[in-house]
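First comes the structure, then the notes that go with it.
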Number of protein chains: 2
Amino acid sequence: MDARTQARYQTRAQVLKALAHPSRLFIVDQLAGGEHSVAELTAMLEVDISTVSKHLSILKTAGLVLDQRRGKQVFYTLQTPCVLSFFGCVETVLSARVQERIELAR
Amino acid sequence: MDARTQARYQTRAQVLKALAHPSRLFIVDQLAGGEHSVAELTAMLEVDISTVSKHLSILKTAGLVLDQRRGKQVFYTLQTPCVLSFFGCVETVLSARVQERIELAR
DNA sequence: CCTACGTTTGGCAATATAGCCAAGTGATGT
DNA sequence: ACATCACTTGGCTATATTGCCAAACGTAGG
C-alpha cells in the first residue's frame, strides 16, 4: 500500500472514527430529527457539558455536523444525512452476528 | 439516556469502531473483490502478519467478515457487503468538508 | 514423529481517546 | 462596566488501541 492509498484510507477512517462512539451516534440520531443545542443534547446524554461539546467538535471536524450560534446558544444540525443509512446496515451486521451465534450453538 | 438505550448505541458503536481504521477499511475494500488469505492481505498492507491477523479478528468479532480454513491457509470473506455503501457516503462527507473549507476561505 | 508453513495469541511499549474539573470566551441584559 | 448564561478549551488521569516480537497452534508432507 503506497503512501497515497494509505492517506486515502486514513482520511476515510477519520470519518468513521468520528461516528464510532455511543454518545456521538446518539447525537447524530437526535440531530436527524432536527437541530439541538448543546444543553439539550447534554440533558439527554447525562454527561458533563464539556464532554458533549468535545464530541460535537469531533463530529464537526469530521464534516458530519454544522454549528450555528443564535444568541447565547449554539445549535447543531446534521450536515450529511446519508450517515443515517449506516444505522440500517449496522443492524444487518448485528443480525448476522446473532445468526452466527445460533449456528455455533447447534 | 437509560441503560438500555446506552447499550444499544454501545453495540452499534462497536461495529463502526471495527471499521474505523485505515488497514481494516482497506481489508474490507479488498474483500469486496473476493476472498483473500491472511498472507495476501499482509503483502498488500506491508505490516506484520500478526497485526493483520488481529485486524481480521476485530472485523470477525464485529460480524463483518467470515474466516474459512482450507489446508494451511485461512481465507477471509465479506459477511455483510452493505458496509461497502459506507464508502460512498464517506466520500460525500469529505466533499462537504472540502466545500466548507472553500466557503471559509472566501 | 519431526519439520515446515500459515496463522493466531500473549505480552509489552507507544500512542490515542474519554471524561471530569477549572478556566476562558462570546453574547445578553442591568 | 459588570454579572450571567451558554458554550469551548486546557489540563489532567484513566482507559483503550496499535503494532511489533516471540511463542504457541493447526495442518500437511517427509
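Order determines the names: the first chain of the C-alpha cells is A, the second B, and so forth; residues in each chain are numbered 1 upward, and ligands are numbered 1 upward as they are shown.
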Inset, instruction - Find the residues near Leu64 in chain A: any atom within 6 Å, counting only C-alpha atoms (C1' of nucleotides), skip ones fewer than 4 places away on the same chain, and give them as a list in words. - result: Leu59, Lys60, Gln79 and Thr80 of chain A
Same residues, N, CA, C and O atoms, saved as a PDB file, in the first residue's frame:
ATOM      1  N   LEU A  59     -17.398  15.685  15.721  1.00  0.00           N
ATOM      2  CA  LEU A  59     -18.340  15.485  14.606  1.00  0.00           C
ATOM      3  C   LEU A  59     -18.226  16.621  13.588  1.00  0.00           C
ATOM      4  O   LEU A  59     -18.322  16.403  12.382  1.00  0.00           O
ATOM      5  N   LYS A  60     -18.001  17.813  14.107  1.00  0.00           N
ATOM      6  CA  LYS A  60     -17.878  18.991  13.238  1.00  0.00           C
ATOM      7  C   LYS A  60     -16.611  18.904  12.389  1.00  0.00           C
ATOM      8  O   LYS A  60     -16.647  19.129  11.173  1.00  0.00           O
ATOM      9  N   GLN A  79     -25.006  17.629   8.882  1.00  0.00           N
ATOM     10  CA  GLN A  79     -24.565  18.170   7.600  1.00  0.00           C
ATOM     11  C   GLN A  79     -24.731  17.154   6.471  1.00  0.00           C
ATOM     12  O   GLN A  79     -25.017  17.531   5.334  1.00  0.00           O
ATOM     13  N   THR A  80     -24.506  15.887   6.785  1.00  0.00           N
ATOM     14  CA  THR A  80     -24.544  14.854   5.749  1.00  0.00           C
ATOM     15  C   THR A  80     -25.449  13.699   6.205  1.00  0.00           C
ATOM     16  O   THR A  80     -24.990  12.723   6.787  1.00  0.00           O
TER      17      THR A  80
END
Inset, instruction - Step one, run DSSP on the backbone; step two, keep only residues of chain A assigned to alpha helix (DSSP H); then write them as a ChimeraX atom specification. - result: /A:3-19,22-31,38-45,49-61,84-105
Legend entry - Interface, chain B side, toward chain A (8 Å; only C-alpha atoms) as number ranges by chain: B: 1, 6, 9-17, 19-23, 25-26, 44-46, 62-64, 79-80, 82-83, 86-87, 89-94, 96-97
Lay chain A over chain B using all C-alpha atoms, matched one to one in order, with a least-squares fit; then write it out as a short mmCIF file (atom, residue, chain, number, x, y, z; two decimals) with N, CA and C atoms, in the first residue's frame.
data_model
loop_
_atom_site.label_atom_id
_atom_site.label_comp_id
_atom_site.auth_asym_id
_atom_site.auth_seq_id
_atom_site.Cartn_x
_atom_site.Cartn_y
_atom_site.Cartn_z
N MET A 1 -30.38 9.37 28.94
CA MET A 1 -30.24 8.10 28.20
C MET A 1 -30.18 6.93 29.18
N ASP A 2 -31.21 6.10 29.16
CA ASP A 2 -31.26 4.95 30.08
C ASP A 2 -30.27 3.86 29.65
N ALA A 3 -30.11 2.89 30.53
CA ALA A 3 -29.10 1.84 30.33
C ALA A 3 -29.35 1.04 29.05
N ARG A 4 -30.63 0.80 28.75
CA ARG A 4 -30.96 0.01 27.57
C ARG A 4 -30.55 0.74 26.30
N THR A 5 -30.89 2.02 26.23
CA THR A 5 -30.52 2.85 25.08
C THR A 5 -29.01 2.93 24.95
N GLN A 6 -28.37 3.18 26.08
CA GLN A 6 -26.90 3.25 26.15
C GLN A 6 -26.29 1.99 25.55
N ALA A 7 -26.84 0.84 25.94
CA ALA A 7 -26.32 -0.44 25.46
C ALA A 7 -26.50 -0.57 23.96
N ARG A 8 -27.61 -0.08 23.45
CA ARG A 8 -27.88 -0.21 22.02
C ARG A 8 -26.87 0.59 21.20
N TYR A 9 -26.62 1.81 21.64
CA TYR A 9 -25.66 2.65 20.91
C TYR A 9 -24.24 2.13 21.08
N GLN A 10 -23.98 1.56 22.24
CA GLN A 10 -22.67 0.95 22.49
C GLN A 10 -22.39 -0.16 21.48
N THR A 11 -23.39 -1.01 21.28
CA THR A 11 -23.26 -2.13 20.34
C THR A 11 -23.05 -1.63 18.92
N ARG A 12 -23.83 -0.63 18.55
CA ARG A 12 -23.68 -0.06 17.20
C ARG A 12 -22.30 0.54 17.03
N ALA A 13 -21.84 1.24 18.07
CA ALA A 13 -20.53 1.90 17.99
C ALA A 13 -19.42 0.87 17.80
N GLN A 14 -19.59 -0.30 18.41
CA GLN A 14 -18.57 -1.35 18.27
C GLN A 14 -18.38 -1.76 16.82
N VAL A 15 -19.47 -1.84 16.09
CA VAL A 15 -19.39 -2.21 14.67
C VAL A 15 -18.64 -1.12 13.90
N LEU A 16 -18.98 0.13 14.15
CA LEU A 16 -18.31 1.23 13.44
C LEU A 16 -16.84 1.32 13.84
N LYS A 17 -16.57 1.06 15.12
CA LYS A 17 -15.19 1.12 15.60
C LYS A 17 -14.33 0.08 14.88
N ALA A 18 -14.95 -1.07 14.59
CA ALA A 18 -14.22 -2.12 13.88
C ALA A 18 -13.82 -1.65 12.48
N LEU A 19 -14.61 -0.76 11.92
CA LEU A 19 -14.32 -0.25 10.57
C LEU A 19 -13.41 0.98 10.60
N ALA A 20 -13.30 1.60 11.74
CA ALA A 20 -12.64 2.91 11.83
C ALA A 20 -11.13 2.81 11.96
N HIS A 21 -10.51 2.15 11.00
CA HIS A 21 -9.06 2.04 10.96
C HIS A 21 -8.63 1.87 9.51
N PRO A 22 -7.63 2.62 9.07
CA PRO A 22 -7.23 2.56 7.66
C PRO A 22 -7.00 1.15 7.15
N SER A 23 -6.23 0.35 7.87
CA SER A 23 -5.94 -1.01 7.42
C SER A 23 -7.20 -1.85 7.31
N ARG A 24 -8.11 -1.68 8.26
CA ARG A 24 -9.32 -2.50 8.25
C ARG A 24 -10.25 -2.07 7.13
N LEU A 25 -10.29 -0.78 6.83
CA LEU A 25 -11.08 -0.30 5.70
C LEU A 25 -10.52 -0.86 4.40
N PHE A 26 -9.21 -0.86 4.31
CA PHE A 26 -8.55 -1.39 3.13
C PHE A 26 -8.88 -2.87 2.96
N ILE A 27 -8.82 -3.61 4.04
CA ILE A 27 -9.14 -5.04 4.01
C ILE A 27 -10.55 -5.26 3.50
N VAL A 28 -11.51 -4.51 4.05
CA VAL A 28 -12.91 -4.64 3.63
C VAL A 28 -13.03 -4.37 2.14
N ASP A 29 -12.35 -3.33 1.70
CA ASP A 29 -12.37 -2.97 0.28
C ASP A 29 -11.81 -4.09 -0.59
N GLN A 30 -10.74 -4.71 -0.14
CA GLN A 30 -10.14 -5.81 -0.88
C GLN A 30 -11.07 -7.02 -0.91
N LEU A 31 -11.67 -7.32 0.24
CA LEU A 31 -12.56 -8.48 0.32
C LEU A 31 -13.81 -8.29 -0.52
N ALA A 32 -14.12 -7.05 -0.82
CA ALA A 32 -15.28 -6.78 -1.68
C ALA A 32 -15.08 -7.43 -3.05
N GLY A 33 -13.82 -7.59 -3.45
CA GLY A 33 -13.51 -8.21 -4.74
C GLY A 33 -13.33 -9.70 -4.66
N GLY A 34 -13.57 -10.27 -3.49
CA GLY A 34 -13.43 -11.71 -3.32
C GLY A 34 -12.53 -12.07 -2.15
N GLU A 35 -12.51 -13.33 -1.80
CA GLU A 35 -11.77 -13.80 -0.63
C GLU A 35 -10.27 -13.60 -0.77
N HIS A 36 -9.61 -13.47 0.38
CA HIS A 36 -8.15 -13.34 0.43
C HIS A 36 -7.62 -14.05 1.67
N SER A 37 -6.42 -14.60 1.53
CA SER A 37 -5.77 -15.21 2.69
C SER A 37 -5.08 -14.13 3.50
N VAL A 38 -4.70 -14.47 4.72
CA VAL A 38 -4.02 -13.53 5.61
C VAL A 38 -2.71 -13.07 4.98
N ALA A 39 -1.99 -14.01 4.37
CA ALA A 39 -0.70 -13.68 3.75
C ALA A 39 -0.88 -12.69 2.60
N GLU A 40 -1.92 -12.88 1.81
CA GLU A 40 -2.18 -11.98 0.69
C GLU A 40 -2.43 -10.56 1.19
N LEU A 41 -3.28 -10.45 2.20
CA LEU A 41 -3.59 -9.13 2.76
C LEU A 41 -2.35 -8.50 3.40
N THR A 42 -1.53 -9.35 4.02
CA THR A 42 -0.30 -8.86 4.66
C THR A 42 0.64 -8.26 3.62
N ALA A 43 0.74 -8.93 2.47
CA ALA A 43 1.61 -8.44 1.40
C ALA A 43 1.14 -7.07 0.91
N MET A 44 -0.17 -6.89 0.85
CA MET A 44 -0.70 -5.60 0.38
C MET A 44 -0.50 -4.50 1.41
N LEU A 45 -0.65 -4.85 2.68
CA LEU A 45 -0.62 -3.83 3.73
C LEU A 45 0.80 -3.49 4.19
N GLU A 46 1.71 -4.40 3.98
CA GLU A 46 3.10 -4.18 4.39
C GLU A 46 3.26 -3.89 5.88
N VAL A 47 2.55 -4.66 6.69
CA VAL A 47 2.77 -4.63 8.14
C VAL A 47 2.95 -6.07 8.59
N ASP A 48 3.28 -6.25 9.85
CA ASP A 48 3.50 -7.59 10.38
C ASP A 48 2.24 -8.45 10.24
N ILE A 49 2.45 -9.73 9.94
CA ILE A 49 1.30 -10.62 9.75
C ILE A 49 0.46 -10.74 11.01
N SER A 50 1.10 -10.62 12.16
CA SER A 50 0.33 -10.70 13.41
C SER A 50 -0.61 -9.52 13.55
N THR A 51 -0.17 -8.39 13.06
CA THR A 51 -1.02 -7.19 13.08
C THR A 51 -2.24 -7.38 12.19
N VAL A 52 -2.02 -7.92 11.00
CA VAL A 52 -3.12 -8.18 10.07
C VAL A 52 -4.09 -9.19 10.68
N SER A 53 -3.54 -10.22 11.26
CA SER A 53 -4.37 -11.25 11.90
C SER A 53 -5.26 -10.64 12.97
N LYS A 54 -4.71 -9.70 13.73
CA LYS A 54 -5.50 -9.06 14.79
C LYS A 54 -6.58 -8.16 14.19
N HIS A 55 -6.26 -7.48 13.11
CA HIS A 55 -7.27 -6.65 12.45
C HIS A 55 -8.42 -7.54 11.96
N LEU A 56 -8.07 -8.67 11.37
CA LEU A 56 -9.09 -9.59 10.87
C LEU A 56 -9.94 -10.14 12.01
N SER A 57 -9.29 -10.38 13.12
CA SER A 57 -10.01 -10.87 14.30
C SER A 57 -11.04 -9.84 14.78
N ILE A 58 -10.65 -8.58 14.72
CA ILE A 58 -11.56 -7.50 15.12
C ILE A 58 -12.76 -7.43 14.16
N LEU A 59 -12.47 -7.54 12.85
CA LEU A 59 -13.55 -7.51 11.85
C LEU A 59 -14.48 -8.71 12.01
N LYS A 60 -13.88 -9.84 12.36
CA LYS A 60 -14.66 -11.07 12.54
C LYS A 60 -15.58 -10.95 13.76
N THR A 61 -15.01 -10.49 14.85
CA THR A 61 -15.79 -10.33 16.08
C THR A 61 -16.96 -9.37 15.86
N ALA A 62 -16.73 -8.35 15.03
CA ALA A 62 -17.78 -7.37 14.74
C ALA A 62 -18.86 -7.94 13.83
N GLY A 63 -18.58 -9.09 13.22
CA GLY A 63 -19.56 -9.71 12.33
C GLY A 63 -19.44 -9.22 10.90
N LEU A 64 -18.29 -8.65 10.56
CA LEU A 64 -18.13 -8.07 9.22
C LEU A 64 -17.51 -9.04 8.23
N VAL A 65 -16.69 -9.96 8.72
CA VAL A 65 -16.05 -10.94 7.83
C VAL A 65 -16.22 -12.35 8.37
N LEU A 66 -15.98 -13.32 7.50
CA LEU A 66 -16.03 -14.73 7.87
C LEU A 66 -14.68 -15.35 7.55
N ASP A 67 -14.24 -16.28 8.39
CA ASP A 67 -12.99 -16.96 8.09
C ASP A 67 -13.27 -18.42 7.74
N GLN A 68 -12.41 -18.97 6.91
CA GLN A 68 -12.62 -20.33 6.43
C GLN A 68 -11.24 -20.93 6.17
N ARG A 69 -10.90 -21.93 6.92
CA ARG A 69 -9.60 -22.56 6.75
C ARG A 69 -9.65 -23.59 5.63
N ARG A 70 -8.68 -23.54 4.72
CA ARG A 70 -8.55 -24.58 3.69
C ARG A 70 -7.07 -24.96 3.67
N GLY A 71 -6.79 -26.12 4.21
CA GLY A 71 -5.40 -26.53 4.33
C GLY A 71 -4.69 -25.68 5.34
N LYS A 72 -3.53 -25.17 4.95
CA LYS A 72 -2.76 -24.36 5.89
C LYS A 72 -3.23 -22.91 5.91
N GLN A 73 -3.97 -22.54 4.90
CA GLN A 73 -4.36 -21.14 4.78
C GLN A 73 -5.74 -20.85 5.35
N VAL A 74 -5.92 -19.59 5.74
CA VAL A 74 -7.24 -19.14 6.20
C VAL A 74 -7.69 -18.04 5.26
N PHE A 75 -8.86 -18.24 4.67
CA PHE A 75 -9.40 -17.25 3.74
C PHE A 75 -10.52 -16.46 4.39
N TYR A 76 -10.47 -15.18 4.17
CA TYR A 76 -11.50 -14.30 4.74
C TYR A 76 -12.40 -13.77 3.64
N THR A 77 -13.69 -13.68 3.96
CA THR A 77 -14.67 -13.13 3.02
C THR A 77 -15.52 -12.09 3.75
N LEU A 78 -16.13 -11.22 2.95
CA LEU A 78 -17.01 -10.20 3.49
C LEU A 78 -18.34 -10.84 3.87
N GLN A 79 -18.75 -10.64 5.14
CA GLN A 79 -20.00 -11.25 5.57
C GLN A 79 -21.20 -10.34 5.27
N THR A 80 -21.00 -9.04 5.41
CA THR A 80 -22.11 -8.10 5.24
C THR A 80 -21.70 -6.99 4.26
N PRO A 81 -21.94 -7.26 2.96
CA PRO A 81 -21.47 -6.34 1.91
C PRO A 81 -22.09 -4.94 1.98
N CYS A 82 -23.15 -4.77 2.76
CA CYS A 82 -23.78 -3.44 2.81
C CYS A 82 -22.82 -2.39 3.35
N VAL A 83 -21.78 -2.81 4.07
CA VAL A 83 -20.82 -1.83 4.58
C VAL A 83 -20.12 -1.09 3.44
N LEU A 84 -20.13 -1.69 2.26
CA LEU A 84 -19.50 -1.04 1.11
C LEU A 84 -20.20 0.27 0.77
N SER A 85 -21.49 0.34 1.13
CA SER A 85 -22.25 1.57 0.86
C SER A 85 -21.75 2.73 1.72
N PHE A 86 -21.02 2.39 2.79
CA PHE A 86 -20.45 3.42 3.65
C PHE A 86 -19.47 4.29 2.86
N PHE A 87 -18.71 3.65 2.01
CA PHE A 87 -17.67 4.35 1.27
C PHE A 87 -18.25 5.54 0.50
N GLY A 88 -19.37 5.30 -0.17
CA GLY A 88 -20.00 6.37 -0.93
C GLY A 88 -20.35 7.55 -0.05
N CYS A 89 -20.95 7.26 1.09
CA CYS A 89 -21.36 8.33 2.00
C CYS A 89 -20.14 9.06 2.57
N VAL A 90 -19.11 8.30 2.89
CA VAL A 90 -17.89 8.91 3.42
C VAL A 90 -17.31 9.90 2.42
N GLU A 91 -17.38 9.53 1.14
CA GLU A 91 -16.90 10.45 0.10
C GLU A 91 -17.74 11.73 0.09
N THR A 92 -19.04 11.56 0.27
CA THR A 92 -19.94 12.72 0.35
C THR A 92 -19.54 13.64 1.50
N VAL A 93 -19.25 13.03 2.64
CA VAL A 93 -18.85 13.79 3.82
C VAL A 93 -17.57 14.56 3.51
N LEU A 94 -16.64 13.89 2.87
CA LEU A 94 -15.37 14.52 2.56
C LEU A 94 -15.55 15.68 1.57
N SER A 95 -16.45 15.48 0.60
CA SER A 95 -16.74 16.56 -0.34
C SER A 95 -17.31 17.77 0.39
N ALA A 96 -18.22 17.49 1.31
CA ALA A 96 -18.84 18.56 2.10
C ALA A 96 -17.77 19.31 2.89
N ARG A 97 -16.79 18.56 3.37
CA ARG A 97 -15.71 19.16 4.15
C ARG A 97 -14.88 20.10 3.28
N VAL A 98 -14.61 19.64 2.07
CA VAL A 98 -13.84 20.47 1.14
C VAL A 98 -14.63 21.73 0.81
N GLN A 99 -15.93 21.55 0.53
CA GLN A 99 -16.82 22.67 0.23
C GLN A 99 -16.79 23.70 1.36
N GLU A 100 -16.83 23.19 2.55
CA GLU A 100 -16.80 24.03 3.78
C GLU A 100 -15.56 24.91 3.79
N ARG A 101 -14.42 24.28 3.50
CA ARG A 101 -13.15 25.00 3.52
C ARG A 101 -13.12 26.09 2.46
N ILE A 102 -13.68 25.78 1.29
CA ILE A 102 -13.73 26.76 0.20
C ILE A 102 -14.53 27.98 0.64
N GLU A 103 -15.68 27.71 1.28
CA GLU A 103 -16.53 28.81 1.73
C GLU A 103 -15.85 29.65 2.81
N LEU A 104 -15.12 29.00 3.69
CA LEU A 104 -14.40 29.70 4.75
C LEU A 104 -13.30 30.57 4.16
N ALA A 105 -12.70 30.09 3.08
CA ALA A 105 -11.58 30.79 2.47
C ALA A 105 -12.03 32.07 1.76
N ARG A 106 -13.30 32.14 1.39
CA ARG A 106 -13.81 33.31 0.68
C ARG A 106 -13.72 34.58 1.53
#
Inset, instruction - Please identify all polymer residues within 12 Å of DG30 in chain D, counting only C-alpha atoms (C1' of nucleotides), omitting same-chain residues fewer than 5 positions from it, and present them as a PyMOL selection string. - result: chain C and resi 1-4
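Interatomic distance, C1' of DT8 in chain D against C1' of DT30 in chain C: 25.5 Å.
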Inset, instruction - Enter the distance from C1' of DA23 in chain C to C1' of DT15 in chain D, in Å, rounded to one decimal. - result: 25.2 Å
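When only C-alpha atoms (C1' of nucleotides) are used to compute distances to chain B, the closest of the residues D:DA28, D:DA23, D:DT13, D:DA1 turns out to be D:DA28.
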Legend entry - Neighbours of chain A in chain D at 8 Å, counting only C-alpha atoms (C1' of nucleotides), as a list in words: DC5, DA6, DC7 and DT8 of chain D
Listing only residues of chain C within 8 Å of chain B, what is the closest atom pair and its distance in Å (to one decimal) for each, using only C-alpha atoms (C1' of nucleotides), sorted by chain and residue number ascending, as CSV?
residue,atom,partner,partner_atom,distance
C:DC5,C1',B:Lys72,CA,7.2
C:DG6,C1',B:Lys72,CA,5.5
C:DT7,C1',B:Val74,CA,7.4
C:DT8,C1',B:Ser53,CA,7.0
Deliver the residues from the most recent selection as a file, using N, CA, C and O atoms (P, O5', C5', C4', C3', O3' and C1' of nucleotides), as a PDB file, in the first residue's frame.
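As a result, out03.pdb now contains:
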ATOM      1  P    DC C   5       9.259 -23.653   5.012  1.00  0.00           P
ATOM      2  O5'  DC C   5       7.712 -23.299   5.047  1.00  0.00           O
ATOM      3  C5'  DC C   5       6.795 -24.050   4.251  1.00  0.00           C
ATOM      4  C4'  DC C   5       5.386 -23.696   4.677  1.00  0.00           C
ATOM      5  C3'  DC C   5       5.135 -22.195   4.767  1.00  0.00           C
ATOM      6  O3'  DC C   5       4.060 -21.864   3.911  1.00  0.00           O
ATOM      7  C1'  DC C   5       4.347 -23.329   6.703  1.00  0.00           C
ATOM      8  P    DG C   6       3.674 -20.338   3.617  1.00  0.00           P
ATOM      9  O5'  DG C   6       2.380 -20.140   4.522  1.00  0.00           O
ATOM     10  C5'  DG C   6       1.219 -20.924   4.268  1.00  0.00           C
ATOM     11  C4'  DG C   6       0.207 -20.641   5.345  1.00  0.00           C
ATOM     12  C3'  DG C   6      -0.074 -19.147   5.570  1.00  0.00           C
ATOM     13  O3'  DG C   6      -1.473 -18.936   5.547  1.00  0.00           O
ATOM     14  C1'  DG C   6       0.478 -20.211   7.618  1.00  0.00           C
ATOM     15  P    DT C   7      -2.070 -17.460   5.744  1.00  0.00           P
ATOM     16  O5'  DT C   7      -2.373 -17.453   7.314  1.00  0.00           O
ATOM     17  C5'  DT C   7      -3.269 -18.433   7.830  1.00  0.00           C
ATOM     18  C4'  DT C   7      -3.240 -18.443   9.339  1.00  0.00           C
ATOM     19  C3'  DT C   7      -3.640 -17.127  10.005  1.00  0.00           C
ATOM     20  O3'  DT C   7      -4.930 -17.313  10.594  1.00  0.00           O
ATOM     21  C1'  DT C   7      -1.859 -18.227  11.132  1.00  0.00           C
ATOM     22  P    DT C   8      -5.664 -16.152  11.387  1.00  0.00           P
ATOM     23  O5'  DT C   8      -5.229 -16.451  12.891  1.00  0.00           O
ATOM     24  C5'  DT C   8      -5.529 -17.717  13.462  1.00  0.00           C
ATOM     25  C4'  DT C   8      -4.991 -17.783  14.878  1.00  0.00           C
ATOM     26  C3'  DT C   8      -5.471 -16.667  15.808  1.00  0.00           C
ATOM     27  O3'  DT C   8      -6.007 -17.296  16.966  1.00  0.00           O
ATOM     28  C1'  DT C   8      -3.116 -16.882  15.921  1.00  0.00           C
TER      29       DT C   8
END
